[in-house]
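This report concerns only the one structure given below.
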Amino acid sequence: MGTINRNADCPCGSGKKYKKCCMGTAAVDPIASIKAEDVSSGWRKESRGREQDNDIDRFIIQGQDQLDKQDYQGACLAWSRVWDQFLLRLTPAMTSCDETVAIYDGSFYLNNWMQDYCAALHHQALTDDAMAKTGASFCSLVLLQFTAENDLLRENFQTSLGEFHYLAGEPSKGEKVLLDLIAERPHRSAGYAYLSDMLGNPRFNTDRETPQDLPRAIAVLEQGLAYPVEDAEDFDLEKRLDSFRETEED
(Lines give C-alpha, C1' and ligand atoms only; values in the text may rest on other atoms or scores of the structure.)
Protein backbone atom coordinates (compact mmCIF):
# COMPACT_ATOMS: atom_id res chain seq x y z
CA MET A 1 0.00 0.00 0.00
CA GLY A 2 1.24 3.46 -0.87
CA THR A 3 2.82 5.78 1.65
CA ILE A 4 2.70 9.13 -0.16
CA ASN A 5 0.72 11.81 1.67
CA ARG A 6 -2.27 12.91 -0.41
CA ASN A 7 -1.35 16.58 0.12
CA ALA A 8 2.30 16.12 -0.85
CA ASP A 9 3.70 17.18 -4.24
CA CYS A 10 3.06 14.48 -6.82
CA PRO A 11 6.19 12.42 -7.51
CA CYS A 12 5.54 12.60 -11.26
CA GLY A 13 6.91 16.17 -11.21
CA SER A 14 3.73 17.89 -12.40
CA GLY A 15 3.85 20.42 -9.56
CA LYS A 16 0.33 19.41 -8.46
CA LYS A 17 -0.69 17.84 -5.18
CA TYR A 18 -0.63 14.04 -5.24
CA LYS A 19 -4.40 13.88 -4.54
CA LYS A 20 -5.04 16.03 -7.62
CA CYS A 21 -2.65 14.23 -9.93
CA CYS A 22 -1.52 10.59 -9.85
CA MET A 23 -3.14 9.34 -6.64
CA GLY A 24 -4.54 5.87 -7.19
CA THR A 25 -3.14 5.52 -10.67
CA ALA A 26 -1.03 7.73 -12.86
CA ALA A 27 -3.76 7.74 -15.50
CA VAL A 28 -6.67 8.73 -13.27
CA ASP A 29 -7.93 12.27 -12.84
CA PRO A 30 -9.35 11.84 -9.33
CA ILE A 31 -13.01 12.46 -8.82
CA ALA A 32 -13.55 14.90 -11.66
CA SER A 33 -16.20 12.77 -13.36
CA ILE A 34 -17.56 10.84 -10.38
CA LYS A 35 -21.10 11.61 -9.29
CA ALA A 36 -22.89 10.39 -6.17
CA GLU A 37 -25.16 8.13 -8.21
CA ASP A 38 -22.09 6.46 -9.71
CA VAL A 39 -20.97 5.12 -6.36
CA SER A 40 -23.34 2.14 -6.41
CA SER A 41 -22.98 1.39 -10.12
CA GLY A 42 -19.35 2.23 -10.84
CA TRP A 43 -17.72 -0.92 -9.45
CA ARG A 44 -16.17 -3.37 -11.89
CA LYS A 45 -17.53 -6.31 -9.94
CA GLU A 46 -15.49 -8.89 -11.82
CA SER A 47 -12.26 -6.93 -11.76
CA ARG A 48 -9.19 -8.20 -9.97
CA GLY A 49 -5.80 -6.84 -9.00
CA ARG A 50 -4.94 -3.28 -9.97
CA GLU A 51 -8.28 -2.49 -11.66
CA GLN A 52 -10.12 -3.45 -8.48
CA ASP A 53 -7.70 -1.35 -6.41
CA ASN A 54 -8.33 1.62 -8.70
CA ASP A 55 -12.09 1.32 -8.14
CA ILE A 56 -11.61 1.37 -4.38
CA ASP A 57 -9.08 4.21 -4.57
CA ARG A 58 -11.29 6.50 -6.59
CA PHE A 59 -14.20 6.20 -4.18
CA ILE A 60 -11.91 6.74 -1.21
CA ILE A 61 -10.69 9.89 -2.98
CA GLN A 62 -14.28 10.95 -3.60
CA GLY A 63 -14.97 10.75 0.12
CA GLN A 64 -11.83 12.74 0.91
CA ASP A 65 -12.83 15.44 -1.53
CA GLN A 66 -16.23 15.64 0.17
CA LEU A 67 -14.46 16.06 3.50
CA ASP A 68 -12.43 18.91 2.03
CA LYS A 69 -15.81 20.58 1.35
CA GLN A 70 -17.02 19.68 4.86
CA ASP A 71 -19.69 17.50 3.27
CA TYR A 72 -19.60 14.70 5.84
CA GLN A 73 -22.77 13.11 4.52
CA GLY A 74 -21.24 12.86 1.04
CA ALA A 75 -18.07 11.37 2.47
CA CYS A 76 -20.06 8.78 4.40
CA LEU A 77 -22.03 7.88 1.28
CA ALA A 78 -18.89 7.25 -0.77
CA TRP A 79 -17.08 5.41 2.00
CA SER A 80 -20.02 3.19 2.93
CA ARG A 81 -19.75 1.76 -0.59
CA VAL A 82 -16.03 1.21 -0.13
CA TRP A 83 -16.67 -0.66 3.11
CA ASP A 84 -19.33 -2.78 1.43
CA GLN A 85 -16.74 -3.84 -1.12
CA PHE A 86 -14.26 -4.81 1.58
CA LEU A 87 -16.93 -6.84 3.36
CA LEU A 88 -17.51 -8.83 0.17
CA ARG A 89 -13.81 -9.74 -0.01
CA LEU A 90 -12.61 -10.10 3.58
CA THR A 91 -12.02 -13.62 4.86
CA PRO A 92 -11.87 -14.86 8.48
CA ALA A 93 -8.11 -15.37 8.12
CA MET A 94 -7.56 -11.63 7.56
CA THR A 95 -7.25 -10.62 11.21
CA SER A 96 -5.02 -7.57 10.63
CA CYS A 97 -5.03 -4.86 7.99
CA ASP A 98 -1.66 -6.04 6.68
CA GLU A 99 -3.26 -9.35 5.77
CA THR A 100 -5.76 -7.71 3.41
CA VAL A 101 -3.14 -7.10 0.72
CA ALA A 102 -4.58 -10.05 -1.23
CA ILE A 103 -7.83 -8.14 -1.75
CA TYR A 104 -6.53 -4.58 -1.78
CA ASP A 105 -3.06 -3.24 -2.56
CA GLY A 106 -3.97 0.29 -3.49
CA SER A 107 -2.87 3.80 -2.57
CA PHE A 108 -4.18 3.96 1.00
CA TYR A 109 -3.46 2.31 4.31
CA LEU A 110 -6.63 0.46 5.22
CA ASN A 111 -6.28 1.11 8.95
CA ASN A 112 -5.92 4.89 8.35
CA TRP A 113 -8.89 4.98 6.00
CA MET A 114 -11.09 3.06 8.45
CA GLN A 115 -10.35 5.64 11.14
CA ASP A 116 -11.12 8.49 8.72
CA TYR A 117 -14.46 6.84 7.90
CA CYS A 118 -15.19 6.41 11.59
CA ALA A 119 -14.51 10.12 12.20
CA ALA A 120 -16.85 11.14 9.36
CA LEU A 121 -19.58 8.85 10.71
CA HIS A 122 -19.12 10.38 14.16
CA HIS A 123 -19.54 13.91 12.83
CA GLN A 124 -22.84 12.92 11.17
CA ALA A 125 -23.98 10.90 14.18
CA LEU A 126 -23.99 14.00 16.39
CA THR A 127 -27.20 15.08 14.65
CA ASP A 128 -28.40 11.84 13.03
CA ASP A 129 -29.36 8.84 15.17
CA ALA A 130 -29.50 6.58 12.12
CA MET A 131 -25.89 7.41 11.30
CA ALA A 132 -24.97 6.59 14.90
CA LYS A 133 -26.32 3.07 14.38
CA THR A 134 -24.34 2.80 11.15
CA GLY A 135 -21.25 3.86 13.07
CA ALA A 136 -21.88 1.26 15.78
CA SER A 137 -22.27 -1.46 13.16
CA PHE A 138 -19.08 -0.40 11.40
CA CYS A 139 -17.02 -0.37 14.59
CA SER A 140 -18.41 -3.74 15.66
CA LEU A 141 -17.45 -5.31 12.34
CA VAL A 142 -13.95 -3.84 12.44
CA LEU A 143 -13.38 -5.21 15.95
CA LEU A 144 -14.73 -8.64 15.04
CA GLN A 145 -12.65 -8.84 11.86
CA PHE A 146 -9.30 -7.38 12.91
CA THR A 147 -8.65 -9.20 16.16
CA ALA A 148 -4.86 -9.16 15.64
CA GLU A 149 -4.61 -5.41 15.00
CA ASN A 150 -2.52 -3.24 17.29
CA ASP A 151 -3.94 -2.31 20.70
CA LEU A 152 -4.23 1.40 19.91
CA LEU A 153 -6.40 0.89 16.83
CA ARG A 154 -8.66 -1.53 18.68
CA GLU A 155 -8.89 0.88 21.61
CA ASN A 156 -9.92 3.68 19.24
CA PHE A 157 -12.67 1.57 17.73
CA GLN A 158 -13.90 0.37 21.13
CA THR A 159 -14.26 3.92 22.42
CA SER A 160 -15.97 4.95 19.19
CA LEU A 161 -18.34 1.98 19.45
CA GLY A 162 -19.32 2.99 22.96
CA GLU A 163 -19.91 6.57 21.85
CA PHE A 164 -21.96 5.54 18.82
CA HIS A 165 -24.24 3.45 21.06
CA TYR A 166 -24.83 6.48 23.28
CA LEU A 167 -25.54 8.70 20.29
CA ALA A 168 -27.95 6.08 18.93
CA GLY A 169 -29.96 6.17 22.16
CA GLU A 170 -28.52 2.88 23.43
CA PRO A 171 -26.71 3.99 26.62
CA SER A 172 -26.67 0.56 28.28
CA LYS A 173 -24.85 -0.92 25.28
CA GLY A 174 -22.41 1.98 25.18
CA GLU A 175 -21.71 1.73 28.89
CA LYS A 176 -21.02 -2.01 28.62
CA VAL A 177 -18.52 -1.48 25.80
CA LEU A 178 -16.62 1.14 27.79
CA LEU A 179 -16.71 -0.80 31.06
CA ASP A 180 -15.32 -3.81 29.19
CA LEU A 181 -12.53 -1.61 27.82
CA ILE A 182 -11.69 -0.38 31.33
CA ALA A 183 -11.57 -3.98 32.55
CA GLU A 184 -9.32 -5.01 29.65
CA ARG A 185 -7.03 -1.96 29.79
CA PRO A 186 -7.27 -0.43 33.28
CA HIS A 187 -3.88 1.23 32.84
CA ARG A 188 -5.14 3.31 29.90
CA SER A 189 -7.24 6.48 30.14
CA ALA A 190 -9.50 6.07 27.10
CA GLY A 191 -12.22 3.98 28.73
CA TYR A 192 -12.46 6.23 31.78
CA ALA A 193 -12.45 9.43 29.71
CA TYR A 194 -15.12 8.31 27.25
CA LEU A 195 -17.39 6.75 29.86
CA SER A 196 -17.23 9.86 32.05
CA ASP A 197 -18.17 12.00 29.05
CA MET A 198 -21.10 9.74 28.21
CA LEU A 199 -22.34 9.99 31.80
CA GLY A 200 -21.64 13.64 32.53
CA ASN A 201 -21.47 15.62 29.29
CA PRO A 202 -24.83 17.25 28.38
CA ARG A 203 -24.19 16.50 24.72
CA PHE A 204 -24.77 12.82 25.41
CA ASN A 205 -27.60 12.95 27.90
CA THR A 206 -29.52 16.18 28.59
CA ASP A 207 -30.03 16.92 24.90
CA ARG A 208 -31.07 13.30 24.27
CA GLU A 209 -33.38 12.93 27.24
CA THR A 210 -31.05 10.54 29.03
CA PRO A 211 -30.29 11.29 32.67
CA GLN A 212 -27.06 13.13 33.36
CA ASP A 213 -25.13 11.29 36.08
CA LEU A 214 -22.40 13.58 37.39
CA PRO A 215 -21.65 11.52 40.52
CA ARG A 216 -20.89 8.45 38.42
CA ALA A 217 -18.88 10.48 35.90
CA ILE A 218 -16.78 11.81 38.79
CA ALA A 219 -16.39 8.33 40.29
CA VAL A 220 -15.18 6.90 36.96
CA LEU A 221 -12.48 9.56 36.64
CA GLU A 222 -11.42 9.14 40.25
CA GLN A 223 -11.09 5.41 39.62
CA GLY A 224 -8.80 6.00 36.63
CA LEU A 225 -6.61 8.51 38.45
CA ALA A 226 -6.34 6.26 41.50
CA TYR A 227 -5.24 3.22 39.45
CA PRO A 228 -3.17 5.20 38.28
CA VAL A 229 -3.45 5.28 34.49
CA GLU A 230 -0.29 5.88 32.48
CA ASP A 231 -1.63 8.55 30.10
CA ALA A 232 -3.88 10.76 32.24
CA GLU A 233 -2.47 13.98 30.76
CA ASP A 234 -3.19 12.82 27.20
CA PHE A 235 -6.89 12.66 28.03
CA ASP A 236 -7.00 15.56 30.52
CA LEU A 237 -8.52 13.34 33.19
CA GLU A 238 -7.84 15.84 35.98
CA LYS A 239 -9.36 18.72 33.98
CA ARG A 240 -12.40 16.59 33.22
CA LEU A 241 -12.74 15.74 36.89
CA ASP A 242 -12.45 19.38 37.98
CA SER A 243 -15.05 20.40 35.39
CA PHE A 244 -17.57 17.80 36.51
CA ARG A 245 -17.04 18.67 40.18
CA GLU A 246 -17.62 22.35 39.47
CA THR A 247 -20.78 21.54 37.53
CA GLU A 248 -22.07 19.35 40.35
CA GLU A 249 -21.51 22.18 42.87
CA ASP A 250 -23.41 24.77 40.78
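We name chains A, B, ... following the order of the C-alpha coordinates; residues begin at 1 in each chain, and ligands are numbered from 1 as shown.
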Exercise. Name the residues of segment 30-169 of chain A that come out as helix (DSSP H, G or I) in a backbone DSSP run; write them as a PyMOL selection string.
Key: chain A and resi 36-38+49-68+72-89+97-102+110-125+129-145+151-167
Using only C-alpha atoms, determine which residues lie at most 12 Å from Gly74 of chain A, disregarding the query and same-chain residues fewer than 5 positions distant; provide the list as a tab-separated table (two decimals) with N, CA, C and O atoms, in the first residue's frame.
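Output below, filename part-v5.tsv:
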chain	number	residue	atom	x	y	z
A	35	LYS	N	-19.91	11.04	-9.88
A	35	LYS	CA	-21.10	11.61	-9.29
A	35	LYS	C	-21.60	10.67	-8.19
A	35	LYS	O	-21.28	9.49	-8.18
A	36	ALA	N	-22.41	11.20	-7.29
A	36	ALA	CA	-22.89	10.39	-6.17
A	36	ALA	C	-23.61	9.15	-6.65
A	36	ALA	O	-23.46	8.07	-6.09
A	37	GLU	N	-24.41	9.29	-7.74
A	37	GLU	CA	-25.16	8.13	-8.21
A	37	GLU	C	-24.27	7.06	-8.83
A	37	GLU	O	-24.68	5.92	-9.02
A	39	VAL	N	-21.65	5.89	-7.39
A	39	VAL	CA	-20.97	5.12	-6.36
A	39	VAL	C	-21.47	3.69	-6.33
A	39	VAL	O	-20.70	2.75	-6.19
A	59	PHE	N	-13.11	5.88	-5.09
A	59	PHE	CA	-14.20	6.20	-4.18
A	59	PHE	C	-13.69	6.67	-2.82
A	59	PHE	O	-14.35	7.45	-2.15
A	60	ILE	N	-12.53	6.18	-2.41
A	60	ILE	CA	-11.91	6.74	-1.21
A	60	ILE	C	-11.57	8.22	-1.46
A	60	ILE	O	-11.81	9.08	-0.61
A	61	ILE	N	-11.03	8.50	-2.63
A	61	ILE	CA	-10.69	9.89	-2.98
A	61	ILE	C	-11.95	10.75	-3.04
A	61	ILE	O	-11.95	11.90	-2.60
A	62	GLN	N	-13.03	10.19	-3.56
A	62	GLN	CA	-14.28	10.95	-3.60
A	62	GLN	C	-14.69	11.37	-2.19
A	62	GLN	O	-15.05	12.53	-1.95
A	63	GLY	N	-14.62	10.42	-1.25
A	63	GLY	CA	-14.97	10.75	0.12
A	63	GLY	C	-14.06	11.81	0.70
A	63	GLY	O	-14.51	12.71	1.42
A	64	GLN	N	-12.77	11.74	0.40
A	64	GLN	CA	-11.83	12.74	0.91
A	64	GLN	C	-12.12	14.12	0.33
A	64	GLN	O	-12.00	15.12	1.03
A	65	ASP	N	-12.48	14.15	-0.93
A	65	ASP	CA	-12.83	15.44	-1.53
A	65	ASP	C	-14.09	16.02	-0.88
A	65	ASP	O	-14.20	17.24	-0.71
A	66	GLN	N	-15.04	15.17	-0.53
A	66	GLN	CA	-16.23	15.64	0.17
A	66	GLN	C	-15.87	16.19	1.55
A	66	GLN	O	-16.43	17.20	1.99
A	67	LEU	N	-14.92	15.54	2.21
A	67	LEU	CA	-14.46	16.06	3.50
A	67	LEU	C	-13.82	17.43	3.35
A	67	LEU	O	-13.99	18.30	4.20
A	68	ASP	N	-13.05	17.61	2.28
A	68	ASP	CA	-12.43	18.91	2.03
A	68	ASP	C	-13.49	20.01	1.92
A	68	ASP	O	-13.24	21.18	2.25
A	69	LYS	N	-14.69	19.64	1.47
A	69	LYS	CA	-15.81	20.58	1.35
A	69	LYS	C	-16.68	20.59	2.60
A	69	LYS	O	-17.73	21.24	2.62
A	79	TRP	N	-17.88	6.37	1.24
A	79	TRP	CA	-17.08	5.41	2.00
A	79	TRP	C	-17.89	4.22	2.47
A	79	TRP	O	-17.32	3.14	2.71
A	80	SER	N	-19.21	4.37	2.60
A	80	SER	CA	-20.02	3.19	2.93
A	80	SER	C	-19.96	2.18	1.80
A	80	SER	O	-19.95	0.96	2.02
A	81	ARG	N	-19.87	2.67	0.57
A	81	ARG	CA	-19.75	1.76	-0.59
A	81	ARG	C	-18.39	1.08	-0.61
A	81	ARG	O	-18.27	-0.09	-0.96
A	117	TYR	N	-13.03	7.13	8.10
A	117	TYR	CA	-14.46	6.84	7.90
A	117	TYR	C	-15.19	6.92	9.23
A	117	TYR	O	-16.28	7.49	9.33
A	120	ALA	N	-15.78	10.53	10.15
A	120	ALA	CA	-16.85	11.14	9.36
A	120	ALA	C	-18.21	10.67	9.85
A	120	ALA	O	-19.16	11.47	9.97
A	121	LEU	N	-18.32	9.38	10.17
A	121	LEU	CA	-19.58	8.85	10.71
A	121	LEU	C	-19.92	9.53	12.04
A	121	LEU	O	-21.07	9.86	12.31
A	123	HIS	N	-19.09	12.54	13.05
A	123	HIS	CA	-19.54	13.91	12.83
A	123	HIS	C	-21.02	13.92	12.45
A	123	HIS	O	-21.80	14.75	12.94
A	124	GLN	N	-21.44	13.00	11.58
A	124	GLN	CA	-22.84	12.92	11.17
A	124	GLN	C	-23.73	12.43	12.30
A	124	GLN	O	-24.87	12.86	12.45
Write out as JSON lines a residue-level contact list of segment 146-213 of chain A versus segment 237-245 of chain A with cut-off 8 Å: for each qualifying residue the closest pair of atoms and the distance in Å to one decimal, counting only C-alpha atoms, rows sorted by chain and residue number upward.
{"residue": "A:Ser189", "atom": "CA", "partner": "A:Leu237", "partner_atom": "CA", "distance": 7.6}
{"residue": "A:Ala193", "atom": "CA", "partner": "A:Leu237", "partner_atom": "CA", "distance": 6.5}
{"residue": "A:Gly200", "atom": "CA", "partner": "A:Phe244", "partner_atom": "CA", "distance": 7.0}
List the spatial neighbours of Gly191 of chain A as an mmCIF file with all heavy atoms, in the first residue's frame - criterion: any atom at most 7 Å away, only C-alpha atoms, same-chain residues fewer than 2 positions off excluded.
data_model
loop_
_atom_site.group_PDB
_atom_site.id
_atom_site.type_symbol
_atom_site.label_atom_id
_atom_site.label_comp_id
_atom_site.auth_asym_id
_atom_site.auth_seq_id
_atom_site.Cartn_x
_atom_site.Cartn_y
_atom_site.Cartn_z
ATOM 1 N N THR A 159 -13.707 2.678 21.879
ATOM 2 C CA THR A 159 -14.264 3.916 22.418
ATOM 3 C C THR A 159 -15.295 4.514 21.463
ATOM 4 O O THR A 159 -16.342 4.999 21.895
ATOM 5 C CB THR A 159 -13.160 4.952 22.696
ATOM 6 O OG1 THR A 159 -12.361 5.149 21.524
ATOM 7 C CG2 THR A 159 -12.263 4.488 23.840
ATOM 8 N N LEU A 178 -17.668 0.353 27.144
ATOM 9 C CA LEU A 178 -16.623 1.144 27.793
ATOM 10 C C LEU A 178 -16.185 0.526 29.119
ATOM 11 O O LEU A 178 -14.999 0.577 29.462
ATOM 12 C CB LEU A 178 -17.109 2.576 27.983
ATOM 13 C CG LEU A 178 -17.362 3.326 26.663
ATOM 14 C CD1 LEU A 178 -18.039 4.665 26.921
ATOM 15 C CD2 LEU A 178 -16.087 3.512 25.874
ATOM 16 N N LEU A 179 -17.102 -0.095 29.841
ATOM 17 C CA LEU A 179 -16.711 -0.803 31.062
ATOM 18 C C LEU A 179 -15.830 -2.009 30.727
ATOM 19 O O LEU A 179 -14.872 -2.312 31.455
ATOM 20 C CB LEU A 179 -17.955 -1.255 31.831
ATOM 21 C CG LEU A 179 -18.721 -0.156 32.572
ATOM 22 C CD1 LEU A 179 -20.018 -0.707 33.144
ATOM 23 C CD2 LEU A 179 -17.867 0.463 33.680
ATOM 24 N N LEU A 181 -13.837 -2.158 28.181
ATOM 25 C CA LEU A 181 -12.532 -1.605 27.825
ATOM 26 C C LEU A 181 -11.732 -1.269 29.077
ATOM 27 O O LEU A 181 -10.518 -1.539 29.142
ATOM 28 C CB LEU A 181 -12.710 -0.355 26.964
ATOM 29 C CG LEU A 181 -11.430 0.383 26.557
ATOM 30 C CD1 LEU A 181 -10.493 -0.538 25.783
ATOM 31 C CD2 LEU A 181 -11.761 1.615 25.718
ATOM 32 N N ILE A 182 -12.377 -0.686 30.071
ATOM 33 C CA ILE A 182 -11.687 -0.380 31.329
ATOM 34 C C ILE A 182 -11.177 -1.664 31.979
ATOM 35 O O ILE A 182 -10.048 -1.712 32.497
ATOM 36 C CB ILE A 182 -12.624 0.386 32.276
ATOM 37 C CG1 ILE A 182 -12.882 1.800 31.740
ATOM 38 C CG2 ILE A 182 -12.041 0.447 33.687
ATOM 39 C CD1 ILE A 182 -13.940 2.572 32.505
ATOM 40 N N SER A 189 -6.238 5.476 29.774
ATOM 41 C CA SER A 189 -7.240 6.482 30.136
ATOM 42 C C SER A 189 -8.490 6.461 29.274
ATOM 43 O O SER A 189 -9.537 6.983 29.689
ATOM 44 C CB SER A 189 -6.621 7.886 30.044
ATOM 45 O OG SER A 189 -5.651 8.085 31.031
ATOM 46 N N ALA A 193 -12.136 8.115 30.276
ATOM 47 C CA ALA A 193 -12.452 9.429 29.710
ATOM 48 C C ALA A 193 -13.765 9.390 28.933
ATOM 49 O O ALA A 193 -14.638 10.257 29.105
ATOM 50 C CB ALA A 193 -11.310 9.891 28.801
ATOM 51 N N TYR A 194 -13.917 8.380 28.070
ATOM 52 C CA TYR A 194 -15.124 8.312 27.247
ATOM 53 C C TYR A 194 -16.351 8.003 28.088
ATOM 54 O O TYR A 194 -17.427 8.586 27.881
ATOM 55 C CB TYR A 194 -14.954 7.279 26.135
ATOM 56 C CG TYR A 194 -14.278 7.828 24.907
ATOM 57 C CD1 TYR A 194 -12.905 8.065 24.877
ATOM 58 C CD2 TYR A 194 -15.010 8.128 23.765
ATOM 59 C CE1 TYR A 194 -12.279 8.578 23.757
ATOM 60 C CE2 TYR A 194 -14.392 8.643 22.630
ATOM 61 C CZ TYR A 194 -13.029 8.869 22.635
ATOM 62 O OH TYR A 194 -12.425 9.395 21.518
ATOM 63 N N LEU A 195 -16.229 7.084 29.034
ATOM 64 C CA LEU A 195 -17.390 6.753 29.862
ATOM 65 C C LEU A 195 -17.815 7.951 30.705
ATOM 66 O O LEU A 195 -19.013 8.232 30.840
ATOM 67 C CB LEU A 195 -17.074 5.556 30.758
ATOM 68 C CG LEU A 195 -18.222 5.092 31.669
ATOM 69 C CD1 LEU A 195 -19.477 4.780 30.858
ATOM 70 C CD2 LEU A 195 -17.801 3.881 32.487
#
Self-check item: Test item: residues at most 7 Å from Ser196 of chain A, only C-alpha atoms, excluding those fewer than 5 positions along its chain, as a list in words
Solution: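 Near Ser196 of chain A, the qualifying residues are Ala217, Val220 and Leu221 of chain A.
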Quiz item: Counting only C-alpha atoms, what is within 8 Å of segment 136-150 of chain A, bar same-chain residues fewer than 4 positions away, as a VMD selection string?
Solution: chain A and resid 92 94 to 97 118 132 154 157 to 158 160 to 162 164 to 165
